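*Asks:* I'd like to ask some things about the structure below.
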Amino acid sequence: MKSVRILGLEPGDSLEYRVITTVSHHPLAPDFWLDHTFDRSGVVSREIFVIDAPPPRLRIHVNPDTPAAINKSGEGDSARVSYSWDLGQDKLKPGQTGEDAQDVALTTFSSWSQLSSSIAKTEYDGFGTWIYLEADERGGPEHKRGSPESLYRLVSQKIATIDLPLELSISVGRDVEQILKSGYGTSEEKARLLSILMTQAVAPPRLVMYGGGRPLETELPQPSLLAGTLLVMSAGTKQYFLDPSLEVAPFGVVPAKLRGLKALNMEETSTDTDDCFTTIPTELPFSSLQRVYIQSSLSPEGALNANIKYVMRGDNELLLRVAFHKTPKENWKNVAQLLALSDGFRGQITNVTASDPYETHSPFTVQYEIAQPKFVDWSKKPLRVPAFLPMLGLPDPPTKPAPGAAATPIVLGTPLDVEVSATVHLPAGTIAHIPTGTSVSRDFATYTSQYSAKDATLTATRHLNFILKVISADRAADYNAFLRAVQNDESQVFTLERGDTTPPAPKNP
């Protein structure tokens with residue numbers, strides 16, 4: 001990063017600058033690639049962009065909203081083609097911004113398989129047998145030699161992940177011994193190291209690379225679109241996709257945003273084709289669950305104090321593991337505050353604890369206390385309060401499709417078993433009237449709820465089990481009926497009654 005301090009700038013002034021980047025001896029040469037997006041923030045008043053390149057093998061895509069002026073010159077080996085843009089903010093239509101936006105993309109790679117083969121040839125896999133002994137020593141007393149899970153924990157947790165683009169990573173060209181000795185690595189380096197270590201335990205794993213958001217198979221082949229690397233390992237009849245770069249992901253778990261996408265196989269091949277992808281499975285290696293346990297009490301003054309505990313397995317577990325792993329312990333309260341707000345809880349958060357994010361063989365747990373001084377006003381008669389439970393968050397019903405458009409299926413997501421329960425201790429003498437529980441069952445999901453009151457103690461339990469991932473669009477009415485039944489139950493309230501809550505008047509002396 002280069003920083004330049006410029007004094008005396010005032011609103012309305014214009015600043016011109018030029019950046020020159022020269023790349024030589026790149027591992028993937030003579031092939032090259034480029035992408036660019038024009039600035040639409042309003043900061044740049046005029047943008048001039050020119051591409052001058054030899055035309056053979058050049059593949060280019062240009063946003064139709066930003067057409068280029070094209071000029072060809074020369075013949076044979078001296079032939080050149082020039083694409084140029086001279087754009088002001090008035091000529092740019094609002095569009096996508098961010099890493100997924102491209103107004104211009106070009107490449108000389110003829111196919112994704114050619115790109116895959118070129119990257120595979122740059123890998124430095126030379127190593128000595130001492131690497132296995134070094135891995136055993138780094139793994140510590142709990143490390144099991146030859147265990148794929150132990151090797152995965154070693155690389156994911158003991159080798160720190162550094163976030164570098166693939167273009168920079170392959171330029172460095174470190175071998176696996178250097179990666180292990182240094183104690184850090186990129187996503188690609190960590191997957192490569194794990195692949196080498198696992199060859200002693202299982203059949204040689206293979207590497208696949210995923211994109212940053214857009215489906216790779218629909219784009220021009222460019223290394224800049226490759227965001228990370230997974231390891232594909234077979235054990236018996238099962239196949240596992242591993243992401244050691246996440247550091248705290250359970251064995252075989254990859255982020256939900258990647259599942260179902262196609263990843264590029266990293267292998268040398270002589271076949272020039274785009275049929276070189278592997279689909280990342282949509283399933284997790286274990287059943288997903290979420291449990292929320294709440295112990296709370298209401299004071300005679302109307303204050304609520306509660307202890308809330310989460311137990312999670314699955315996609316939400318991974319999100320929380322990463323959040324607590326990346327957050328210093330002294331700031332865990334902020335993460336718990338966001339978690340509470342997402343579940344509809346308000347109040348002061350204290351005493352936040354969480355299980356070790358590295359203990360990935362067990363569900364992740366989070367626990368905190370929350371206090372709300374004025375939760376109820378006992379002077380209201382009758383007093384109606386909702387069950388102190390998080391909302392279950394079912395997907396919204398499908399919207400009506402546009403005329404002539406096909407209806408979209410209803411996506412429920414990864415099958416998930418959710419159970420939330422709460423116990424509320426009331427002040428002595430409080431009478432509670434409870435709502436009626438609900439039970440509704442479909443082939444795609446089931447829901448039950450139970451409510452009770454005994455000895456000034458309220459209990460509420462709700463259980464939602466998502467069975468299917470997707471249901472067809474023609475079942476929208478059935479899903480809407482199920483959704484309304486759940487929402488109607490969640491809106492039910494407890495009615496509380498107490499004796500005279502007005503403090504007695506002071507006696508005359």
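In the structure tokens, each chain is lettered A, B, ... as it comes, each chain's residues begin at 1, and ligands are numbered from 1 in order of appearance.
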Fewer than 4 positions away in the same chain doesn't count, so skip those; otherwise give me all residues within 6 Å of range 450-460 of chain A, counting only C-alpha atoms, as an MDAnalysis selection string.

*Replies:* chainID A and resid 421:426 437

*Asks:* Only C-alpha atoms, please: the residues just picked out, written as a short mmCIF file (atom, residue, chain, number, x, y, z; two decimals), in the first residue's frame.

*Replies:*
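And here is the file that came out, result_25.cif:
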data_model
loop_
_atom_site.label_atom_id
_atom_site.label_comp_id
_atom_site.auth_asym_id
_atom_site.auth_seq_id
_atom_site.Cartn_x
_atom_site.Cartn_y
_atom_site.Cartn_z
CA SER A 421 -37.59 -23.90 26.13
CA ALA A 422 -38.05 -21.33 28.89
CA THR A 423 -38.83 -21.43 32.59
CA VAL A 424 -40.07 -18.24 34.27
CA HIS A 425 -40.31 -17.95 38.05
CA LEU A 426 -43.05 -15.52 39.09
CA GLY A 437 -50.29 -25.64 22.74
#

*Asks:* Write out as JSON, numbers by chain which residues come within 7 Å of range 318-328 of chain A when counting only C-alpha atoms, dropping same-chain ones fewer than 4 positions away.

*Replies:* {"A": [248, 249, 314, 332, 357]}

*Asks:* Keeping C-alpha atoms for every residue in the selection just given, could you write it to a file as a PDB file, in the first residue's frame?

*Replies:*
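Saved the output as part-v4.pdb:
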ATOM      1  CA  VAL A 248     -12.571 -23.727  13.642  1.00  0.00           C
ATOM      2  CA  ALA A 249     -14.776 -25.641  11.184  1.00  0.00           C
ATOM      3  CA  GLY A 314     -24.544 -27.015  11.881  1.00  0.00           C
ATOM      4  CA  TRP A 332     -17.398 -11.387  23.570  1.00  0.00           C
ATOM      5  CA  PRO A 357     -14.083 -22.721  19.354  1.00  0.00           C
TER       6      PRO A 357
END

*Asks:* Rank A:His36, A:Lys121, A:His361, A:Lys309 by their smallest atom-to-atom distance to Glu149 in chain A, using only C-alpha atoms, and report the top residue only.

*Replies:*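 Of all the options, A:His361 lies closest to Glu149 in chain A.
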
*Asks:* Separation of CA of Leu180 in chain A and CA of Leu197 in chain A, in Å?

*Replies:* 10.5 Å

*Asks:* Choose the residue, out of A:Ala160, A:Ile179, A:Val4, A:Leu231, that has the smallest atom-to-atom separation from Ser195 in chain A; count only C-alpha atoms.

*Replies:*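 Closest to Ser195 in chain A of all the choices is A:Leu231.
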
*Asks:* Write out as an MDAnalysis selection string the residues lying within 12 Å of Gly12 in chain A, counting only C-alpha atoms and excluding same-chain residues fewer than 6 positions away.

*Replies:* chainID A and resid 43:45

*Asks:* Just list as a count of residues only whatever in range 171-255 of chain A DSSP marks as alpha helix (DSSP H).

*Replies:* 21
